[in-house]
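Visitor: Below you'll find the structure I mean.
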Amino acid sequence: GGGASSAYGCTDCPKLIPKSRYDAISTFISDHVPDGYNDINLVQNAKVYEQLRAAGIDELLARHYAHLFVRDPLVVYEHGVEIDDKTRSDHFENIQSTNWQTVRFKPPPPDSNIGWRVEFRPLEVQITDFENAALIVFVVLLTRAIVSFNLDFYQPLSEVDENMQKAHVRDAINTQRFKWHNCADASRARADGSSCSKHMSIDEIMNGRADCNYPGLIRCVTMYLDTVLPAGAERDRLNEYLEWLSLRASGKLMTTAAYLRRFVAQHPAYKGDSVVTQQIAYDMVRHTEALNAGEVRAPELLGRFSKQRFTDDECMRAEPPIVQRERWEAARAMLLSDREEAAATR
């Protein structure tokens with residue numbers, strides 16, 4: 001995006017901001033972060049920074065918000081221009097909520113009993129409820145394990161950016177290696193002058209790596225659950241989530257992206273020209289709907305956790321739903337007719 005509006009006093013902002021609004025975070029705000037880990041160039045709104053510091057905001061938090069406020073507002077509603085900033089946070093949220101970074105720090109609204117929140121935002125929406133539940137539950141449990149065991153996985157933001165770039169490569173889960181701090185007690189290692197950083201696959205990050213005595217994130221969560229929920233039906237369901245996630249991380253189950261790419265590539269209407277036609281898109285939506293409803297199985301995506309509404313034999317014979325051509329063509333003809341009619345009345 002371009003430089004921010006002079007309304008925010010950012011007349012000296014550079015014309016080029018290195019990152020988009022949709023990117024990895026650019027600064028840590030915790031005072032527990034090791035020195036030197038905020039190691040990337042941080043574009044800031046100098047006037048906002050000075051205003052926050054003068055109001056008693058600590059340096060790290062002031063830098064964070066001064067960075068967000070280099071942006072222009074994307075949307076301004078007529079009824080939200082002239083408001084009392086002492087009682088409403090609309091102007092603040094106009095910038096805060098239009099920076100879609102991987103983590104968002106959310107202060108409570110004025111006169112609200114909502115607490116201080118942190119959103120973890122890089123997760124992709126999955127096809128099925130089971131997958132989405134597994135990922136959300138895992139993130140929550142991992143935060144609990146980190147706090148409970150005082151784990152330290154901090155790494156310099158330059159490495160975070162490097163990892164995010166690699167994560168966008170096709171089939172990154174199977175082909176890329178990511179910088180990862182694999183010491184459970186990284187703070188002690190830093191004090192000793194040793195390095196905990198290694199290039200690791202997603203499989204190793206999630207499932208562990210024996211040669212460096214790193215248990216993996218899933219094992220950390222399992223150890224935490226052993227202390228708070230050792231058995232029972234709830235634990236059985238959580239174990240299913242962790243098992244599926246372990247298989248996905250190992251590459252034994254396909255990612256959503258790989259599964260949908262294969263669907264397009266194998267579709268009879270696909271011509272190998274990177275064009276996803278309306279017919280292909282419609283079929284894909286119908287297929288994912290049927291998959292989530294348990295009307296078709298996808299063991300390569302879900303393993304043994306595919307929903308089952310039929311017997312195993314019936315499920316294995318079920319084919320992905322093909323477009324209902326007559327219904328689709330009728331809907332398309334109606335749409336074109338409506339457009340022509342609207343054009344004729346203009």
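Just so we're on the same page: first chain in the structure tokens is A, next is B, and so on; residues restart at 1 for each chain, and ligands are numbered from 1 in the order they show up.
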Give me, as a PyMOL selection string, all polymer residues having an atom no more than 12 Å from A:Arg117, counting only C-alpha atoms and skipping those fewer than 3 positions away in the same chain.

Guide: chain A and resi 103-109+113-114+120

Visitor: Could you pull out the alpha helix (DSSP H) residues of stretch 20-151 of chain A from DSSP and send them as an NGL selection string?

Guide: :A and (46-54 or 59-68 or 90-96 or 129-149)

Visitor: If you take only C-alpha atoms and a cut-off of 9 Å, which residues of stretch 72-163 of chain A touch stretch 176-184 of chain A, and what are their nearest atom pairs and distances in Å to one decimal, in chain and number order, as a Markdown table?

Guide:
| residue | atom | partner | partner_atom | distance |
| --- | --- | --- | --- | --- |
| A:Phe149 | CA | A:Ala184 | CA | 8.9 |
| A:Asn150 | CA | A:Ala184 | CA | 8.5 |
| A:Leu151 | CA | A:Ala184 | CA | 5.5 |
| A:Asp152 | CA | A:Ala184 | CA | 6.1 |
| A:Phe153 | CA | A:His181 | CA | 5.7 |
| A:Tyr154 | CA | A:His181 | CA | 7.1 |
| A:Gln155 | CA | A:His181 | CA | 6.5 |
| A:Glu159 | CA | A:Lys179 | CA | 6.4 |
| A:Val160 | CA | A:Lys179 | CA | 7.9 |
| A:Glu162 | CA | A:Phe178 | CA | 8.0 |
| A:Asn163 | CA | A:Phe178 | CA | 5.5 |

Visitor: Hey, which bits of stretch 78-167 of chain A sit within 9 Å of stretch 64-71 of chain A, and for each residue what's the closest pair of atoms and how far apart in Å (one decimal), counting only C-alpha atoms, rows by chain and increasing number, as JSON lines?

Guide:
{"residue": "A:Ile95", "atom": "CA", "partner": "A:Phe69", "partner_atom": "CA", "distance": 6.6}
{"residue": "A:Gln96", "atom": "CA", "partner": "A:Leu68", "partner_atom": "CA", "distance": 6.8}
{"residue": "A:Thr98", "atom": "CA", "partner": "A:Arg71", "partner_atom": "CA", "distance": 8.9}
{"residue": "A:Asn99", "atom": "CA", "partner": "A:Leu68", "partner_atom": "CA", "distance": 6.9}

Visitor: Need the shell around A:Gly80: protein/DNA/RNA residues with any atom at most 12 Å away, counting only C-alpha atoms. Skip same-chain ones fewer than 2 positions apart. Format as a PyMOL selection string?

Guide: chain A and resi 75-78+82-85+88-94

Visitor: Using only C-alpha atoms, which of A:Met254, A:Ile202, A:Val118, A:Ile127 sits nearest A:Lys166?

Guide: A:Ile202

Visitor: So, counting only C-alpha atoms, which residue among A:Ala133, A:Val221, A:Asn45, A:Asp23 is closest to A:Ser148?

Guide: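 Nearest candidate to A:Ser148 out of A:Ala133, A:Val221, A:Asn45, A:Asp23: A:Val221.
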
Visitor: How many Å lie between atom CA of A:Ile205 and atom CA of A:Ser246, rounded to one decimal?

Guide: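 Pair atom CA of A:Ile205 / atom CA of A:Ser246 returns 10.3 Å.
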
Visitor: Could you name the residues that touch A:Val139 at 12 Å or less, counting only C-alpha atoms, but leaving out those on the same chain fewer than 6 positions away, as number ranges by chain?

Guide: A: 119-123, 132-133, 145-146, 217-218, 220-221, 241-242, 245

Visitor: Just the residues within 12 Å of A:Asn41, please, counting only C-alpha atoms, with nothing from its chain fewer than 6 positions along; format it as number ranges by chain.

Guide: A: 17-19, 25-27, 63, 67, 157-158, 161

Visitor: Grab the residues selected above and save them as a compact mmCIF listing (two decimals), in the first residue's frame with N, CA, C and O atoms.

Guide:
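Result file out34.txt:
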# COMPACT_ATOMS: atom_id res chain seq x y z
N ILE A 17 5.70 0.59 1.44
CA ILE A 17 5.69 -0.17 2.68
C ILE A 17 6.05 -1.61 2.32
O ILE A 17 5.40 -2.21 1.46
N PRO A 18 7.08 -2.18 2.94
CA PRO A 18 7.58 -3.49 2.50
C PRO A 18 6.54 -4.61 2.52
O PRO A 18 6.60 -5.52 1.71
N LYS A 19 5.60 -4.56 3.44
CA LYS A 19 4.62 -5.64 3.56
C LYS A 19 3.22 -5.12 3.27
O LYS A 19 2.92 -3.94 3.45
N ILE A 25 3.38 -10.76 11.07
CA ILE A 25 3.60 -9.63 11.96
C ILE A 25 4.99 -9.04 11.73
O ILE A 25 5.90 -9.72 11.25
N SER A 26 5.14 -7.76 12.09
CA SER A 26 6.41 -7.08 11.87
C SER A 26 7.09 -6.68 13.17
O SER A 26 8.20 -6.14 13.14
N THR A 27 6.44 -6.93 14.31
CA THR A 27 7.08 -6.58 15.59
C THR A 27 6.48 -7.42 16.71
O THR A 27 5.29 -7.73 16.72
N ARG A 63 5.47 1.15 19.19
CA ARG A 63 6.02 0.83 17.87
C ARG A 63 5.02 0.01 17.05
O ARG A 63 4.87 0.21 15.85
N HIS A 67 3.24 1.39 13.67
CA HIS A 67 3.39 0.65 12.41
C HIS A 67 2.03 0.44 11.73
O HIS A 67 1.91 0.63 10.51
N LEU A 157 12.22 -12.25 13.94
CA LEU A 157 11.16 -12.03 12.97
C LEU A 157 11.65 -12.19 11.54
O LEU A 157 10.87 -12.50 10.64
N SER A 158 12.93 -11.97 11.30
CA SER A 158 13.46 -12.20 9.95
C SER A 158 13.31 -13.68 9.57
O SER A 158 13.05 -14.01 8.41
N ASP A 161 9.60 -14.28 8.74
CA ASP A 161 9.30 -13.85 7.37
C ASP A 161 9.82 -14.86 6.35
O ASP A 161 9.15 -15.18 5.36
